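Listing of entry-v5.csv, CSV, C-alpha atoms and all ligand atoms
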chain,number,residue,atom,x,y,z
A,161,MET,CA,125.2,69.1,127.8
A,162,LYS,CA,125.3,65.8,129.7
A,163,LEU,CA,128.5,63.7,129.3
A,164,ALA,CA,129.5,60.3,130.4
A,165,VAL,CA,133.3,60.0,130.8
A,166,LEU,CA,134.8,56.5,130.7
A,167,SER,CA,138.5,55.6,131.1
A,168,ASP,CA,140.8,52.6,131.1
A,169,ILE,CA,138.3,50.1,129.8
A,170,HIS,CA,141.3,47.8,129.1
A,171,GLY,CA,139.6,45.2,127.0
A,172,ASN,CA,137.0,44.4,129.6
A,173,LEU,CA,133.9,43.9,127.5
A,174,GLU,CA,131.7,42.8,130.4
A,175,ALA,CA,132.5,46.0,132.5
A,176,PHE,CA,132.1,48.2,129.4
A,177,GLN,CA,128.7,46.7,128.5
A,178,ALA,CA,127.5,47.1,132.1
A,179,VAL,CA,128.5,50.8,132.0
A,180,LEU,CA,126.7,51.3,128.6
A,181,ASP,CA,123.6,49.6,130.1
A,182,ALA,CA,123.8,51.9,133.2
A,183,ILE,CA,123.8,55.1,131.1
A,184,GLU,CA,121.4,53.9,128.4
A,185,HIS,CA,118.4,55.7,129.9
A,186,LEU,CA,120.1,58.8,131.2
A,187,ARG,CA,119.8,61.0,128.1
A,188,ILE,CA,123.5,61.4,127.8
A,189,ASP,CA,124.5,63.7,124.9
A,190,THR,CA,128.1,62.6,124.6
A,191,VAL,CA,130.2,59.6,125.7
A,192,ILE,CA,133.9,60.2,125.8
A,193,SER,CA,136.7,57.6,126.5
A,194,LEU,CA,139.9,58.8,128.0
A,195,GLY,CA,141.9,56.0,126.4
A,196,ASP,CA,143.5,52.7,127.4
A,197,ASN,CA,140.6,51.0,125.7
A,198,ILE,CA,142.9,48.0,125.1
A,199,GLY,CA,145.4,45.8,127.0
A,200,TYR,CA,145.2,43.7,130.2
A,201,GLY,CA,141.7,42.4,129.4
A,202,PRO,CA,140.7,39.6,127.0
A,203,ASP,CA,138.5,41.6,124.5
A,204,SER,CA,140.5,44.5,123.2
A,205,GLU,CA,139.2,44.0,119.6
A,206,ALA,CA,135.6,43.7,120.8
A,207,VAL,CA,135.9,46.8,123.0
A,208,VAL,CA,137.3,48.9,120.1
A,209,ALA,CA,134.6,47.6,117.7
A,210,LEU,CA,131.9,48.6,120.2
A,211,ILE,CA,133.4,52.1,120.8
A,212,ARG,CA,133.5,52.6,117.0
A,213,ALA,CA,130.0,51.3,116.5
A,214,ARG,CA,128.7,53.6,119.2
A,215,LYS,CA,130.7,56.5,117.8
A,216,ILE,CA,132.3,57.2,121.2
A,217,ALA,CA,135.0,59.8,121.0
A,218,SER,CA,138.3,58.7,122.5
A,219,VAL,CA,141.8,60.0,123.1
A,220,LEU,CA,145.1,58.1,123.1
A,221,GLY,CA,146.0,56.2,126.3
A,222,ASN,CA,149.5,55.0,126.9
A,223,HIS,CA,148.4,51.5,125.7
A,224,GLU,CA,147.2,52.9,122.4
A,225,MET,CA,150.5,55.0,122.2
A,226,ALA,CA,152.4,51.7,122.5
A,227,VAL,CA,150.4,50.1,119.7
A,228,LYS,CA,150.9,53.2,117.6
A,229,ASN,CA,154.6,53.4,118.1
A,230,LYS,CA,156.5,50.3,119.4
A,231,HIS,CA,159.2,52.5,120.9
A,232,ASN,CA,156.7,53.4,123.6
A,233,LEU,CA,156.6,49.8,124.7
A,234,ALA,CA,159.8,50.4,126.7
A,235,TRP,CA,157.8,52.4,129.2
A,236,PHE,CA,155.9,49.2,130.3
A,237,ASN,CA,157.1,46.6,132.7
A,238,PRO,CA,157.6,43.1,131.2
A,239,VAL,CA,154.3,41.6,132.5
A,240,ALA,CA,152.3,44.6,131.0
A,241,GLN,CA,154.3,44.2,127.7
A,242,THR,CA,153.2,40.5,127.5
A,243,ALA,CA,149.5,41.5,128.1
A,244,LEU,CA,149.8,44.3,125.5
A,245,ALA,CA,151.3,42.0,122.9
A,246,ILE,CA,148.3,39.6,123.2
A,247,ALA,CA,145.9,42.6,122.9
A,248,GLN,CA,147.8,43.9,119.9
A,249,SER,CA,147.6,40.5,118.2
A,250,GLN,CA,143.8,40.6,118.5
A,251,LEU,CA,143.4,44.0,116.8
A,252,SER,CA,142.0,44.1,113.3
A,253,ASP,CA,143.4,46.4,110.6
A,254,ALA,CA,140.3,48.7,111.1
A,255,SER,CA,140.9,48.9,114.8
A,256,LEU,CA,144.6,49.7,114.3
A,257,ALA,CA,143.7,52.4,111.8
A,258,TRP,CA,141.2,53.8,114.3
A,259,ILE,CA,143.9,53.9,117.1
A,260,ASN,CA,146.3,55.6,114.7
A,261,GLN,CA,144.0,58.5,114.2
A,262,LEU,CA,143.2,59.2,117.9
A,263,PRO,CA,144.2,62.6,119.3
A,264,ARG,CA,146.3,63.1,122.4
A,265,TYR,CA,143.6,65.2,123.9
A,266,ARG,CA,140.2,66.7,123.1
A,267,VAL,CA,138.4,69.9,124.1
A,268,THR,CA,134.6,69.7,124.0
A,269,ALA,CA,132.0,72.1,125.5
A,270,GLY,CA,134.8,73.9,127.3
A,271,LEU,CA,136.1,70.8,129.0
A,272,ARG,CA,139.5,69.1,128.4
A,273,PHE,CA,139.9,65.3,128.1
A,274,VAL,CA,143.3,63.6,128.3
A,275,HIS,CA,144.5,60.3,129.4
A,276,GLY,CA,147.3,61.1,132.0
A,277,ALA,CA,147.7,64.7,132.8
A,278,PRO,CA,146.9,68.1,131.3
A,279,PRO,CA,147.5,69.5,128.9
A,280,ASP,CA,148.2,66.4,126.7
A,281,SER,CA,150.2,63.7,128.3
A,282,ALA,CA,149.2,60.0,128.0
A,283,PHE,CA,152.1,58.8,130.2
A,284,LEU,CA,152.4,61.3,133.1
A,285,TYR,CA,150.6,60.2,136.3
A,286,LEU,CA,149.0,63.0,138.4
A,287,PHE,CA,150.6,61.6,141.5
A,288,GLN,CA,154.0,62.3,140.0
A,289,LEU,CA,153.3,66.0,140.0
A,290,PRO,CA,154.2,68.0,143.1
A,291,GLU,CA,151.6,70.5,144.2
A,292,ASN,CA,153.3,73.5,142.6
A,293,LYS,CA,153.3,71.8,139.2
A,294,LEU,CA,149.6,70.9,139.6
A,295,ILE,CA,148.8,74.5,140.4
A,296,GLN,CA,150.8,75.6,137.4
A,297,LYS,CA,148.9,73.3,135.1
A,298,LEU,CA,145.5,74.5,136.5
A,299,ALA,CA,146.5,78.1,136.3
A,300,GLN,CA,147.6,77.8,132.7
A,301,SER,CA,144.5,75.8,131.6
A,302,ASP,CA,141.9,77.6,129.5
A,303,GLU,CA,139.3,75.0,130.6
A,304,SER,CA,137.8,75.0,134.1
A,305,VAL,CA,137.5,71.2,134.2
A,306,CYS,CA,140.0,68.6,132.8
A,307,PHE,CA,139.1,64.9,132.9
A,308,VAL,CA,141.9,62.3,133.2
A,309,GLY,CA,142.3,58.6,133.8
A,310,HIS,CA,145.5,56.5,133.8
A,311,THR,CA,145.9,55.9,137.6
A,312,HIS,CA,142.7,53.7,137.6
A,313,GLU,CA,141.6,55.5,140.8
A,314,LEU,CA,138.9,58.1,141.2
A,315,GLY,CA,140.0,61.6,142.2
A,316,ILE,CA,138.9,65.2,142.4
A,317,ILE,CA,141.5,68.0,142.5
A,318,SER,CA,140.2,71.5,143.0
A,319,TRP,CA,141.9,74.8,143.0
A,320,ASP,CA,140.3,78.1,144.0
A,321,GLY,CA,143.1,80.3,142.9
A,322,THR,CA,145.1,79.9,146.2
A,323,ARG,CA,144.4,76.5,147.7
A,324,LEU,CA,144.7,73.1,146.2
A,325,GLU,CA,142.5,70.3,147.5
A,326,LYS,CA,142.6,66.6,146.6
A,327,HIS,CA,140.2,63.9,147.6
A,328,PRO,CA,139.2,60.4,146.4
A,329,PRO,CA,135.4,60.5,145.9
A,330,GLY,CA,133.1,57.6,146.5
A,331,PRO,CA,130.0,57.1,144.3
A,332,GLY,CA,127.7,60.0,144.6
A,333,ARG,CA,127.0,63.6,143.4
A,334,TYR,CA,129.3,66.5,143.7
A,335,ALA,CA,128.5,70.2,142.9
A,336,LEU,CA,131.5,71.8,141.2
A,337,ASP,CA,132.2,75.4,142.2
A,338,PRO,CA,131.9,77.7,139.2
A,339,ASP,CA,134.8,79.7,140.5
A,340,HIS,CA,137.2,76.8,140.9
A,341,LYS,CA,139.3,74.8,138.4
A,342,TYR,CA,139.2,71.0,138.6
A,343,ILE,CA,141.1,67.9,137.5
A,344,ILE,CA,138.7,65.0,137.7
A,345,ASN,CA,140.0,61.4,137.6
A,346,ALA,CA,137.3,59.2,136.1
A,347,GLY,CA,138.8,56.0,137.6
A,348,SER,CA,138.7,52.8,135.5
A,349,VAL,CA,135.9,50.9,133.9
A,350,GLY,CA,137.8,47.7,133.3
A,351,GLN,CA,140.8,47.4,135.6
A,352,PRO,CA,140.1,49.4,138.8
A,353,ARG,CA,142.9,49.8,141.3
A,354,ASP,CA,140.9,51.5,144.0
A,355,GLY,CA,140.1,48.5,146.2
A,356,SER,CA,136.7,47.6,144.8
A,357,ALA,CA,135.6,45.6,141.8
A,358,GLY,CA,132.8,47.8,140.4
A,359,ALA,CA,133.3,49.5,137.0
A,360,LYS,CA,133.9,53.2,137.7
A,361,PHE,CA,133.0,56.2,135.5
A,362,VAL,CA,131.7,59.7,135.9
A,363,LEU,CA,128.8,61.8,134.5
A,364,TYR,CA,129.0,65.6,134.1
A,365,ASP,CA,126.3,68.1,133.4
A,366,THR,CA,127.8,71.3,131.9
A,367,GLY,CA,124.6,73.3,132.7
A,368,THR,CA,124.5,72.5,136.4
A,369,ARG,CA,128.2,71.7,136.9
A,370,GLU,CA,127.1,68.5,138.8
A,371,LEU,CA,129.5,65.6,138.8
A,372,THR,CA,128.2,62.1,139.4
A,373,VAL,CA,130.6,59.3,140.3
A,374,ARG,CA,129.2,55.9,139.5
A,375,ALA,CA,130.4,52.3,140.2
A,376,VAL,CA,128.5,49.4,138.6
A,377,ALA,CA,128.7,45.7,139.3
A,378,TYR,CA,129.4,43.4,136.4
A,379,PRO,CA,130.2,39.7,136.1
A,380,PHE,CA,133.9,39.9,136.6
A,381,GLU,CA,134.3,36.2,137.1
A,382,LYS,CA,133.5,35.8,133.4
A,383,THR,CA,136.2,38.3,132.4
A,384,GLN,CA,138.6,36.5,134.7
A,385,ARG,CA,138.0,33.2,133.0
A,386,LYS,CA,138.5,34.8,129.5
A,387,ILE,CA,141.8,36.5,130.6
A,388,ILE,CA,143.2,33.2,131.8
A,389,ALA,CA,142.0,31.3,128.7
A,390,ALA,CA,143.7,33.9,126.5
A,391,GLY,CA,147.1,33.4,128.3
A,392,ILE,CA,147.2,36.9,129.6
A,393,PRO,CA,149.2,37.2,132.9
A,394,ARG,CA,147.0,36.0,135.7
A,395,MET,CA,147.5,39.1,137.9
A,396,TYR,CA,145.2,41.0,135.5
A,397,ALA,CA,142.4,38.5,136.3
A,398,ASP,CA,143.1,38.4,140.0
A,399,ARG,CA,143.0,42.2,140.2
A,400,LEU,CA,139.4,42.3,138.9
A,401,ALA,CA,138.0,40.8,142.1
A,402,MET,CA,139.8,43.0,144.5
A,403,GLY,CA,140.7,46.2,142.7
A,404,THR,CA,144.4,45.5,143.3
A,405,ASP,CA,144.9,45.8,147.0
A,406,PRO,CA,143.3,43.0,149.1
A,407,SER,CA,143.5,45.2,152.3
A,408,LYS,CA,141.2,47.7,150.7
A,409,VAL,CA,138.4,45.5,149.5
A,410,LYS,CA,135.1,47.2,149.9
A,411,GLY,CA,132.9,44.5,148.3
A,412,THR,CA,132.0,43.8,144.7
A,413,ASN,CA,128.7,45.4,144.2
A,414,GLN,CA,129.3,49.2,144.4
A,501,FE,FE,145.4,52.2,132.1

Show the structure stored in the file as structure tokens.
Amino acid sequence: MKLAVLSDIHGNLEAFQAVLDAIEHLRIDTVISLGDNIGYGPDSEAVVALIRARKIASVLGNHEMAVKNKHNLAWFNPVAQTALAIAQSQLSDASLAWINQLPRYRVTAGLRFVHGAPPDSAFLYLFQLPENKLIQKLAQSDESVCFVGHTHELGIISWDGTRLEKHPPGPGRYALDPDHKYIINAGSVGQPRDGSAGAKFVLYDTGTRELTVRAVAYPFEKTQRKIIAAGIPRMYADRLAMGTDPSKVKGTNQ
């Protein structure tokens, strides 16, 4: 089975459409979103409508969790709360109903899909976990590969039963060892924080265990204009050009 795994689209319709265009001819069997489909970007409603129209399976991100239960809003900083309130005001009843029925995790083809950290957290960041906790999670996992998002940065964590290795992959192909367990961070489609502007996502072939990391260019200037016009805090527009950290800019066409 060939899967495309997308995460943290964050209401960025231009980035999402560029990713869908990039995978259109790849004979992908299943597209899965790891959540945070909404918030920060200007098109939360349009993104959810397109996910539903394409019948893309999703799990709950922390942004969907806040829409589902307002008590979760306290987790967010005030600027993020402002952006999320604007996103929520856009959502139709049908989109809210769709969000309310999303699961915290999915298991498909022997793979686990969750927003933050296995087994089922939408809020926990991988970087908050010390090495012994990561190993514990990998050891306890029934699945050999778990896909996560949430940090908006690509990552591969592998464990061979004794040694844990972490590295941030660039675009390219990676052969996963059948004897190792993995946590793969799919990065972010619509709000990358990895120092480059391209929309990030991954492909995975369960037959060959080949992981492909992709970054596609999209017209982020258009998204920036829409963010500013919608009254969403400007930092979410500025970030799109630089992937958060200006010192790490690698260009905009990866
Ligand atoms: Fe996110």

Neighbour list for Tyr396 of chain A as a PyMOL selection string, cut-off 9 Å, only C-alpha atoms, skip fewer than 6 positions in-chain: chain A and resi 200-201+243+351+384+387-388

Neighbours of ligand FE 501 (chain A) at 7 Å or closer, counting only C-alpha atoms and all ligand atoms: which residues, as a count of residues only? 6

Using all atoms listed in the file: which of A:Leu163, A:Val208, A:Leu314, A:Ile295 has the shortest distance to Gly195 of chain A: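 Distance minimum relative to Gly195 of chain A lands on A:Val208.
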
Nearby residues (only C-alpha atoms) at most 7 Å from segment 264-280 of chain A, same-chain spacing under 6 positions excluded, as a PDB file with C-alpha atoms, keeping the file's coordinate frame:
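Full text of out-v7.pdb as output:
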ATOM      1  CA  LEU A 194     139.900  58.800 128.000  1.00  0.00           C
ATOM      2  CA  GLY A 195     141.900  56.000 126.400  1.00  0.00           C
ATOM      3  CA  VAL A 219     141.800  60.000 123.100  1.00  0.00           C
ATOM      4  CA  LEU A 220     145.100  58.100 123.100  1.00  0.00           C
ATOM      5  CA  GLY A 221     146.000  56.200 126.300  1.00  0.00           C
ATOM      6  CA  LEU A 286     149.000  63.000 138.400  1.00  0.00           C
ATOM      7  CA  LYS A 297     148.900  73.300 135.100  1.00  0.00           C
ATOM      8  CA  GLU A 303     139.300  75.000 130.600  1.00  0.00           C
ATOM      9  CA  SER A 304     137.800  75.000 134.100  1.00  0.00           C
ATOM     10  CA  VAL A 305     137.500  71.200 134.200  1.00  0.00           C
ATOM     11  CA  CYS A 306     140.000  68.600 132.800  1.00  0.00           C
ATOM     12  CA  PHE A 307     139.100  64.900 132.900  1.00  0.00           C
ATOM     13  CA  VAL A 308     141.900  62.300 133.200  1.00  0.00           C
ATOM     14  CA  GLY A 309     142.300  58.600 133.800  1.00  0.00           C
ATOM     15  CA  HIS A 310     145.500  56.500 133.800  1.00  0.00           C
TER      16      HIS A 310
END

Surrounding residues of Ala335 of chain A excluding itself and chain neighbours under 2 positions, 9 Å, all atoms listed in the file, as an mmCIF file with C-alpha atoms, keeping the file's coordinate frame:
data_model
loop_
_atom_site.group_PDB
_atom_site.id
_atom_site.type_symbol
_atom_site.label_atom_id
_atom_site.label_comp_id
_atom_site.auth_asym_id
_atom_site.auth_seq_id
_atom_site.Cartn_x
_atom_site.Cartn_y
_atom_site.Cartn_z
ATOM 1 C CA ARG A 333 127.000 63.600 143.400
ATOM 2 C CA ASP A 337 132.200 75.400 142.200
ATOM 3 C CA THR A 368 124.500 72.500 136.400
ATOM 4 C CA ARG A 369 128.200 71.700 136.900
ATOM 5 C CA GLU A 370 127.100 68.500 138.800
ATOM 6 C CA LEU A 371 129.500 65.600 138.800
ATOM 7 C CA THR A 372 128.200 62.100 139.400
#

To one decimal place, how far is atom CA of Leu166 of chain A from atom CA of Ile344 of chain A in Å?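 A separation of 11.7 Å between them.
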
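Considering all atoms listed in the file, the residue among A:Gly321, A:Ala175, A:Trp258, A:Ala209 positioned nearest to Val227 of chain A is A:Trp258.
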
Rank A:Pro202, A:Asn260, A:Val373, A:Arg214 by their smallest atom-to-atom distance to Glu184 of chain A, using all atoms listed in the file, and report the top residue only.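 Answer, going by the shortest atom-to-atom distance: A:Arg214.
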
With all atoms listed in the file as the atoms that count, which of A:Pro393, A:Pro338, A:Gly330, A:Gly171 lies nearest to Ser356 of chain A? A:Gly330

Could you please determine the separation between atom CA of Ala346 of chain A and atom CA of Lys293 of chain A in Å, to one decimal place? 20.6 Å

Quick one: residues within 12 Å of Ala254 of chain A, all atoms listed in the file, excluding same-chain residues fewer than 2 positions away - as a ChimeraX atom specification? /A:205-206,208-209,212-213,250-252,256-261

Write the residues of the preceding selection, restricted to C-alpha atoms, as a compact mmCIF listing (two decimals), keeping the file's coordinate frame.
# COMPACT_ATOMS: atom_id res chain seq x y z
CA GLU A 205 139.20 44.00 119.60
CA ALA A 206 135.60 43.70 120.80
CA VAL A 208 137.30 48.90 120.10
CA ALA A 209 134.60 47.60 117.70
CA ARG A 212 133.50 52.60 117.00
CA ALA A 213 130.00 51.30 116.50
CA GLN A 250 143.80 40.60 118.50
CA LEU A 251 143.40 44.00 116.80
CA SER A 252 142.00 44.10 113.30
CA LEU A 256 144.60 49.70 114.30
CA ALA A 257 143.70 52.40 111.80
CA TRP A 258 141.20 53.80 114.30
CA ILE A 259 143.90 53.90 117.10
CA ASN A 260 146.30 55.60 114.70
CA GLN A 261 144.00 58.50 114.20

With 8 Å as the threshold, what does the neighbourhood of (139.6, 62.7, 145.2) contain in terms of residues, counting only C-alpha atoms? Coordinates are those of the file; answer as a compact mmCIF listing (two decimals) with C-alpha atoms, keeping the file's coordinate frame.
# COMPACT_ATOMS: atom_id res chain seq x y z
CA LEU A 314 138.90 58.10 141.20
CA GLY A 315 140.00 61.60 142.20
CA ILE A 316 138.90 65.20 142.40
CA ILE A 317 141.50 68.00 142.50
CA LYS A 326 142.60 66.60 146.60
CA HIS A 327 140.20 63.90 147.60
CA PRO A 328 139.20 60.40 146.40
CA PRO A 329 135.40 60.50 145.90
CA ILE A 344 138.70 65.00 137.70
CA ASN A 345 140.00 61.40 137.60

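Taking atom CA of Leu294 of chain A and atom CA of Ala359 of chain A as endpoints, the distance between them is 27.0 Å.
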
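The smallest atom-to-atom distance between Val349 of chain A and any of A:Val362, A:Phe176, A:Lys162, A:Ile246, using all atoms listed in the file, is found for A:Phe176.
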
For Pro331 of chain A, the closest of A:Asp253, A:Ala282, A:Gly358, A:Ala178 counting all atoms listed in the file is A:Gly358

What does segment 184-274 of chain A look like written to a file with C-alpha atoms, as a PDB file, in the first residue's frame?
ATOM      1  CA  GLU A 184      -2.013  13.237  -8.102  1.00  0.00           C
ATOM      2  CA  HIS A 185      -0.117  10.933 -10.476  1.00  0.00           C
ATOM      3  CA  LEU A 186       1.674   8.809  -7.883  1.00  0.00           C
ATOM      4  CA  ARG A 187      -0.970   6.072  -7.555  1.00  0.00           C
ATOM      5  CA  ILE A 188      -1.381   6.718  -3.843  1.00  0.00           C
ATOM      6  CA  ASP A 189      -3.831   4.310  -2.202  1.00  0.00           C
ATOM      7  CA  THR A 190      -4.524   6.321   0.941  1.00  0.00           C
ATOM      8  CA  VAL A 191      -4.021   9.921   2.004  1.00  0.00           C
ATOM      9  CA  ILE A 192      -3.997  10.524   5.749  1.00  0.00           C
ATOM     10  CA  SER A 193      -3.901  13.835   7.606  1.00  0.00           C
ATOM     11  CA  LEU A 194      -2.338  13.935  11.055  1.00  0.00           C
ATOM     12  CA  GLY A 195      -4.515  16.847  12.186  1.00  0.00           C
ATOM     13  CA  ASP A 196      -4.189  20.604  12.723  1.00  0.00           C
ATOM     14  CA  ASN A 197      -6.017  21.004   9.449  1.00  0.00           C
ATOM     15  CA  ILE A 198      -7.279  24.345  10.758  1.00  0.00           C
ATOM     16  CA  GLY A 199      -5.965  27.479  12.489  1.00  0.00           C
ATOM     17  CA  TYR A 200      -3.197  30.015  11.667  1.00  0.00           C
ATOM     18  CA  GLY A 201      -4.069  30.082   7.952  1.00  0.00           C
ATOM     19  CA  PRO A 202      -6.886  31.975   6.197  1.00  0.00           C
ATOM     20  CA  ASP A 203      -8.832  29.036   4.734  1.00  0.00           C
ATOM     21  CA  SER A 204      -9.733  26.619   7.522  1.00  0.00           C
ATOM     22  CA  GLU A 205     -13.232  26.035   6.140  1.00  0.00           C
ATOM     23  CA  ALA A 206     -12.020  25.486   2.565  1.00  0.00           C
ATOM     24  CA  VAL A 207      -9.301  23.074   3.740  1.00  0.00           C
ATOM     25  CA  VAL A 208     -11.760  20.990   5.774  1.00  0.00           C
ATOM     26  CA  ALA A 209     -14.236  21.009   2.862  1.00  0.00           C
ATOM     27  CA  LEU A 210     -11.518  19.739   0.515  1.00  0.00           C
ATOM     28  CA  ILE A 211     -10.396  17.044   2.973  1.00  0.00           C
ATOM     29  CA  ARG A 212     -13.998  15.874   3.271  1.00  0.00           C
ATOM     30  CA  ALA A 213     -14.567  16.024  -0.505  1.00  0.00           C
ATOM     31  CA  ARG A 214     -11.415  13.939  -1.109  1.00  0.00           C
ATOM     32  CA  LYS A 215     -12.433  11.541   1.697  1.00  0.00           C
ATOM     33  CA  ILE A 216      -9.038  12.009   3.351  1.00  0.00           C
ATOM     34  CA  ALA A 217      -8.871  10.307   6.735  1.00  0.00           C
ATOM     35  CA  SER A 218      -7.713  12.521   9.594  1.00  0.00           C
ATOM     36  CA  VAL A 219      -6.988  12.408  13.291  1.00  0.00           C
ATOM     37  CA  LEU A 220      -7.518  15.186  15.836  1.00  0.00           C
ATOM     38  CA  GLY A 221      -4.816  17.836  16.120  1.00  0.00           C
ATOM     39  CA  ASN A 222      -4.548  20.095  19.120  1.00  0.00           C
ATOM     40  CA  HIS A 223      -6.319  22.809  17.115  1.00  0.00           C
ATOM     41  CA  GLU A 224      -9.258  20.510  16.403  1.00  0.00           C
ATOM     42  CA  MET A 225      -9.214  19.513  20.093  1.00  0.00           C
ATOM     43  CA  ALA A 226      -9.645  23.199  21.029  1.00  0.00           C
ATOM     44  CA  VAL A 227     -12.588  23.580  18.648  1.00  0.00           C
ATOM     45  CA  LYS A 228     -14.123  20.394  20.019  1.00  0.00           C
ATOM     46  CA  ASN A 229     -13.701  21.448  23.649  1.00  0.00           C
ATOM     47  CA  LYS A 230     -13.068  25.094  24.548  1.00  0.00           C
ATOM     48  CA  HIS A 231     -11.286  24.090  27.773  1.00  0.00           C
ATOM     49  CA  ASN A 232      -8.380  23.007  25.568  1.00  0.00           C
ATOM     50  CA  LEU A 233      -7.956  26.657  24.453  1.00  0.00           C
ATOM     51  CA  ALA A 234      -6.031  27.360  27.665  1.00  0.00           C
ATOM     52  CA  TRP A 235      -3.127  25.321  26.237  1.00  0.00           C
ATOM     53  CA  PHE A 236      -2.543  27.944  23.504  1.00  0.00           C
ATOM     54  CA  ASN A 237      -0.736  31.261  23.829  1.00  0.00           C
ATOM     55  CA  PRO A 238      -2.886  34.412  23.348  1.00  0.00           C
ATOM     56  CA  VAL A 239      -1.742  35.031  19.751  1.00  0.00           C
ATOM     57  CA  ALA A 240      -2.573  31.462  18.750  1.00  0.00           C
ATOM     58  CA  GLN A 241      -5.933  31.782  20.521  1.00  0.00           C
ATOM     59  CA  THR A 242      -6.723  34.852  18.388  1.00  0.00           C
ATOM     60  CA  ALA A 243      -5.866  32.970  15.186  1.00  0.00           C
ATOM     61  CA  LEU A 244      -7.853  29.945  16.287  1.00  0.00           C
ATOM     62  CA  ALA A 245     -10.924  32.061  17.137  1.00  0.00           C
ATOM     63  CA  ILE A 246     -10.904  33.474  13.578  1.00  0.00           C
ATOM     64  CA  ALA A 247     -10.563  29.949  12.149  1.00  0.00           C
ATOM     65  CA  GLN A 248     -13.406  28.665  14.306  1.00  0.00           C
ATOM     66  CA  SER A 249     -15.677  31.525  13.207  1.00  0.00           C
ATOM     67  CA  GLN A 250     -15.221  30.375   9.579  1.00  0.00           C
ATOM     68  CA  LEU A 251     -16.207  26.762  10.148  1.00  0.00           C
ATOM     69  CA  SER A 252     -19.567  25.553   8.895  1.00  0.00           C
ATOM     70  CA  ASP A 253     -21.837  23.297  10.940  1.00  0.00           C
ATOM     71  CA  ALA A 254     -20.862  20.408   8.653  1.00  0.00           C
ATOM     72  CA  SER A 255     -17.150  21.014   9.263  1.00  0.00           C
ATOM     73  CA  LEU A 256     -17.684  21.292  13.027  1.00  0.00           C
ATOM     74  CA  ALA A 257     -19.601  17.999  12.974  1.00  0.00           C
ATOM     75  CA  TRP A 258     -16.747  16.409  10.994  1.00  0.00           C
ATOM     76  CA  ILE A 259     -14.177  17.674  13.527  1.00  0.00           C
ATOM     77  CA  ASN A 260     -16.255  16.329  16.401  1.00  0.00           C
ATOM     78  CA  GLN A 261     -16.169  12.798  15.043  1.00  0.00           C
ATOM     79  CA  LEU A 262     -12.402  12.638  14.399  1.00  0.00           C
ATOM     80  CA  PRO A 263     -10.455  10.014  16.378  1.00  0.00           C
ATOM     81  CA  ARG A 264      -7.328  10.749  18.452  1.00  0.00           C
ATOM     82  CA  TYR A 265      -5.373   8.169  16.462  1.00  0.00           C
ATOM     83  CA  ARG A 266      -5.736   5.722  13.629  1.00  0.00           C
ATOM     84  CA  VAL A 267      -4.116   2.364  12.885  1.00  0.00           C
ATOM     85  CA  THR A 268      -4.063   1.470   9.197  1.00  0.00           C
ATOM     86  CA  ALA A 269      -2.023  -1.242   7.431  1.00  0.00           C
ATOM     87  CA  GLY A 270      -0.060  -1.875  10.631  1.00  0.00           C
ATOM     88  CA  LEU A 271       0.924   1.804  10.928  1.00  0.00           C
ATOM     89  CA  ARG A 272      -0.087   4.261  13.651  1.00  0.00           C
ATOM     90  CA  PHE A 273      -1.118   7.843  12.932  1.00  0.00           C
ATOM     91  CA  VAL A 274      -1.370  10.421  15.721  1.00  0.00           C
TER      92      VAL A 274
END
